[in-house]
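Structure below is target24.cif: mmCIF, C-alpha atoms.
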```cif
data_model
loop_
_atom_site.label_atom_id
_atom_site.label_comp_id
_atom_site.auth_asym_id
_atom_site.auth_seq_id
_atom_site.Cartn_x
_atom_site.Cartn_y
_atom_site.Cartn_z
CA MET A 1 -25.79 16.94 5.84
CA ARG A 2 -27.64 15.91 8.99
CA THR A 3 -30.28 13.38 10.01
CA VAL A 4 -33.57 14.92 11.13
CA ARG A 5 -37.06 13.66 11.93
CA ASP A 6 -40.48 15.19 11.50
CA ASN A 7 -43.34 15.25 13.99
CA ASP A 8 -44.40 11.74 12.92
CA GLY A 9 -40.91 10.34 13.59
CA THR A 10 -40.02 9.88 9.92
CA ARG A 11 -36.26 10.21 9.36
CA TYR A 12 -34.87 12.39 6.61
CA LEU A 13 -31.56 13.65 5.35
CA LEU A 14 -31.39 17.42 5.63
CA LEU A 15 -30.10 18.71 2.30
CA LYS A 16 -30.62 22.47 2.52
CA GLU A 17 -31.93 24.75 5.25
CA SER A 18 -33.48 28.18 4.76
CA THR A 19 -35.15 30.59 7.15
CA GLU A 20 -38.59 28.96 7.15
CA SER A 21 -38.23 25.48 5.66
CA SER A 22 -35.71 22.80 4.83
CA LEU A 23 -35.20 20.61 1.81
CA VAL A 24 -35.10 16.99 2.99
CA ARG A 25 -34.78 13.62 1.29
CA ASP A 26 -36.47 10.43 2.41
CA PRO A 27 -33.59 7.91 2.39
CA GLU A 28 -35.89 4.97 1.62
CA THR A 29 -37.75 6.47 -1.33
CA GLY A 30 -35.37 9.18 -2.53
CA GLU A 31 -38.28 11.68 -2.50
CA GLN A 32 -37.24 15.27 -1.83
CA ARG A 33 -39.55 17.88 -0.35
CA HIS A 34 -39.64 21.01 1.75
CA ILE A 35 -40.78 20.78 5.37
CA PRO A 36 -41.21 23.73 7.74
CA ASN A 37 -38.25 24.01 10.12
CA ALA A 38 -40.62 24.05 13.08
CA ASP A 39 -41.69 20.49 12.14
CA LEU A 40 -38.13 19.10 12.14
CA GLU A 41 -35.72 18.20 14.88
CA PRO A 42 -32.13 16.95 14.55
CA ILE A 43 -31.35 13.39 15.61
CA GLU A 44 -28.19 13.57 17.68
CA GLY A 45 -25.63 10.81 17.28
CA GLU A 46 -27.03 9.34 14.07
CA SER A 47 -24.68 9.51 11.12
CA PRO A 48 -26.27 10.86 7.95
CA LEU A 49 -24.40 8.14 6.08
CA ALA A 50 -26.05 5.47 8.20
CA THR A 51 -29.39 7.14 7.46
CA ALA A 52 -28.59 7.18 3.73
CA ALA A 53 -27.96 3.42 3.90
CA ALA A 54 -31.68 2.96 4.53
CA ALA A 55 -32.06 3.23 0.72
CA VAL A 56 -30.75 -0.36 0.59
CA PRO A 57 -33.20 -2.97 1.92
CA ASP A 58 -32.28 -4.37 5.34
CA ALA A 59 -31.68 -7.93 4.13
CA ALA A 60 -29.28 -6.75 1.41
CA ARG A 61 -27.45 -4.50 3.94
CA ARG A 62 -26.98 -7.49 6.23
CA VAL A 63 -25.48 -9.56 3.43
CA LEU A 64 -23.18 -6.72 2.40
CA THR A 65 -22.04 -6.11 5.96
CA ALA A 66 -21.37 -9.78 6.78
CA ALA A 67 -19.77 -10.76 3.46
CA HIS A 68 -16.65 -8.64 3.64
CA ASP A 69 -15.00 -10.02 0.48
CA ASP A 70 -15.76 -12.05 -2.65
CA ARG A 71 -14.93 -15.40 -1.02
CA ALA A 72 -17.31 -14.75 1.84
CA LEU A 73 -20.05 -13.60 -0.51
CA GLY A 74 -19.43 -16.60 -2.76
CA LEU A 75 -19.76 -18.97 0.19
CA LEU A 76 -23.09 -17.43 1.14
CA VAL A 77 -24.30 -17.62 -2.48
CA GLU A 78 -23.28 -21.30 -2.68
CA LEU A 79 -25.02 -22.15 0.59
CA ASP A 80 -28.15 -20.42 -0.64
CA GLU A 81 -28.04 -22.20 -4.03
CA ARG A 82 -27.21 -25.67 -2.72
CA GLY A 83 -29.51 -25.69 0.28
CA PRO A 84 -28.40 -27.27 3.54
CA VAL A 85 -24.76 -28.34 3.22
CA SER A 86 -22.70 -30.30 5.74
CA VAL A 87 -19.50 -28.81 7.13
CA ALA A 88 -17.57 -31.81 5.80
CA GLU A 89 -18.87 -31.13 2.30
CA LEU A 90 -18.02 -27.43 2.57
CA LEU A 91 -14.48 -28.25 3.62
CA SER A 92 -13.96 -30.64 0.72
CA ALA A 93 -15.65 -28.52 -1.94
CA TYR A 94 -14.05 -25.11 -1.43
CA ASP A 95 -10.59 -23.65 -0.99
CA LEU A 96 -11.13 -22.59 2.62
CA CYS A 97 -9.14 -23.91 5.54
CA GLU A 98 -11.15 -25.13 8.50
CA SER A 99 -10.54 -22.05 10.65
CA ASP A 100 -11.46 -19.64 7.83
CA LEU A 101 -14.62 -21.61 7.07
CA HIS A 102 -15.72 -21.72 10.69
CA GLY A 103 -14.96 -18.01 11.07
CA LEU A 104 -17.17 -17.13 8.11
CA LEU A 105 -19.93 -19.45 9.26
CA ALA A 106 -19.84 -17.85 12.72
CA GLU A 107 -20.05 -14.35 11.22
CA PHE A 108 -23.00 -15.35 9.05
CA ARG A 109 -24.78 -16.94 12.01
CA ALA A 110 -24.21 -13.82 14.12
CA ALA A 111 -25.68 -11.71 11.31
CA GLY A 112 -28.77 -13.94 11.16
CA LEU A 113 -27.90 -15.22 7.68
CA LEU A 114 -27.31 -18.91 8.52
CA VAL A 115 -28.82 -21.52 10.80
CA GLU A 116 -27.17 -24.71 11.95
CA THR A 117 -28.88 -27.89 10.79
CA THR A 118 -28.22 -31.60 10.29
CA VAL A 119 -27.40 -32.88 6.82
CA HIS A 120 -27.16 -36.67 6.35
CA GLY A 121 -26.48 -37.06 10.06
CA GLN A 122 -23.71 -34.42 10.04
CA ARG A 123 -23.60 -30.85 11.24
CA GLY A 124 -24.38 -28.42 8.45
CA TYR A 125 -25.73 -24.99 7.64
CA ASP A 126 -28.55 -23.47 5.65
CA THR A 127 -29.35 -19.88 4.74
CA THR A 128 -32.13 -18.01 6.48
CA GLU A 129 -34.95 -16.23 4.71
CA THR A 130 -33.12 -12.95 5.37
CA ALA A 131 -30.02 -14.22 3.55
CA SER A 132 -32.06 -15.52 0.61
CA ASP A 133 -33.99 -12.25 0.37
CA GLY A 134 -30.82 -10.15 0.60
CA LEU A 135 -29.04 -12.18 -2.06
CA ALA A 136 -32.09 -11.99 -4.34
CA GLN A 137 -32.17 -8.21 -3.95
CA LEU A 138 -28.48 -7.98 -4.83
CA ARG A 139 -28.93 -10.22 -7.88
CA ASP A 140 -31.74 -8.06 -9.27
#
```
Mind turning the file's structure into structure tokens?
Amino acid sequence: MRTVRDNDGTRYLLLKESTESSLVRDPETGEQRHIPNADLEPIEGESPLATAAAAVPDAARRVLTAAHDDRALGLLVELDERGPVSVAELLSAYDLCESDLHGLLAEFRAAGLLVETTVHGQRGYDTTETASDGLAQLRD
């Protein structure tokens, strides 16, 4: 399997190639169709698996990539459900040591899933729209 693009720049997964045309699949819609080989060009350096991941909405992919285990995902879910939460409250409410908590918060911020905010005069965090959208997509 390879990643290819047509003359319009649309990316496809090349499933089968014959003399005159190729069977391709649109990774976002799952639609399969034949396109003339002359209208396709390979995309060098792009993994077909990374292209296939486009079937999952971007926000959900970000959540999945940043939340590497159930505890991390649970923390993100809790932050999204509870709204802005102070760091002090997070430390007292969950079974995470301070360094683990700050590590997860930093990863989520780097992924664009959290923003720092002030909660009752203390430093806290809230989920971004991307995080909320990604979690909603995963819940559906």
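Atom pair atom CA of A:Ser92 / atom CA of A:Glu116 has a distance of 18.3 Å (rounded to one decimal).
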Practice item. Specify as a list in words each residue included when the PyMOL selection byres ((chain A and resi 55) around 9) is applied to this file. Key: Asp26, Pro27, Glu28, Thr29, Gly30, Thr51, Ala52, Ala53, Ala54, Val56, Pro57 and Asp58 of chain A
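The closest residue to A:Leu79, picked from A:Ser132, A:Ser22, A:Gln137, A:Thr3 and counting all atoms listed in the file, is A:Ser132.
Near A:Glu44, within a cut-off of 12 Å and counting all atoms listed in the file, sit the residues Arg2, Thr3, Val4 and Arg5 of chain A, with same-chain residues fewer than 5 positions away left out.
Nearest residue to A:Val87 among A:Gly121, A:Gly45, A:Gly9, A:Pro36 is A:Gly121, counting only C-alpha atoms.
Atom pair atom CA of A:Ala38 / atom CA of A:Met1 has a distance of 18.0 Å (rounded to one decimal).
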Check your understanding: So which residues are close to (-27.0, -26.6, 0.6), meaning at most 12 Å away in the file's coordinates with all atoms listed in the file counted, and can you show them as a ChimeraX atom specification?
Key -> /A:75-90,93,114-120,123-128
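Remark: for A:Ser18, the closest of the candidate residues A:Arg71, A:Leu101, A:Ala110, A:Ile35 is A:Ile35 (distances computed over all atoms listed in the file).
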Can you sort out the box for stretch 49-63 of chain A, edges along x, y and z, all listed atoms in, 5 Å on every side, with centre and edge lengths in Å to one decimal, as AutoDock Vina command-line options?
```
--center_x -28.8 --center_y -0.7 --center_z 4.4 --size_x 18.8 --size_y 27.7 --size_z 17.6
```
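Shortest separation to A:Leu135 among A:Ala50, A:Leu104, A:Leu23, A:Ala67 occurs at residue A:Ala67, atoms counted being only C-alpha atoms.
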Find the residues around A:Ala59 up to 7 Å (all atoms listed in the file counted), leave out those fewer than 2 positions away in its own chain, and share them as a PDB file with C-alpha atoms, keeping the file's coordinate frame.
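Written file, selection.pdb:
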```
ATOM      1  CA  PRO A  57     -33.200  -2.970   1.920  1.00  0.00           C
ATOM      2  CA  ARG A  61     -27.450  -4.500   3.940  1.00  0.00           C
ATOM      3  CA  ARG A  62     -26.980  -7.490   6.230  1.00  0.00           C
ATOM      4  CA  VAL A  63     -25.480  -9.560   3.430  1.00  0.00           C
ATOM      5  CA  THR A 130     -33.120 -12.950   5.370  1.00  0.00           C
ATOM      6  CA  ALA A 131     -30.020 -14.220   3.550  1.00  0.00           C
ATOM      7  CA  ASP A 133     -33.990 -12.250   0.370  1.00  0.00           C
ATOM      8  CA  GLY A 134     -30.820 -10.150   0.600  1.00  0.00           C
TER       9      GLY A 134
END
```
Atom CA of A:Arg25 to atom CA of A:Asp140 measures 24.3 Å
Counting all atoms listed in the file, the residue among A:Leu15, A:Ala136, A:Ala66, A:Ala72 that lies closest to A:Asp100 is A:Ala72
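Residue nearest A:Ala111, chosen from A:Glu17, A:Leu64, A:Asp6, A:His34 and counting all atoms listed in the file: A:Leu64.
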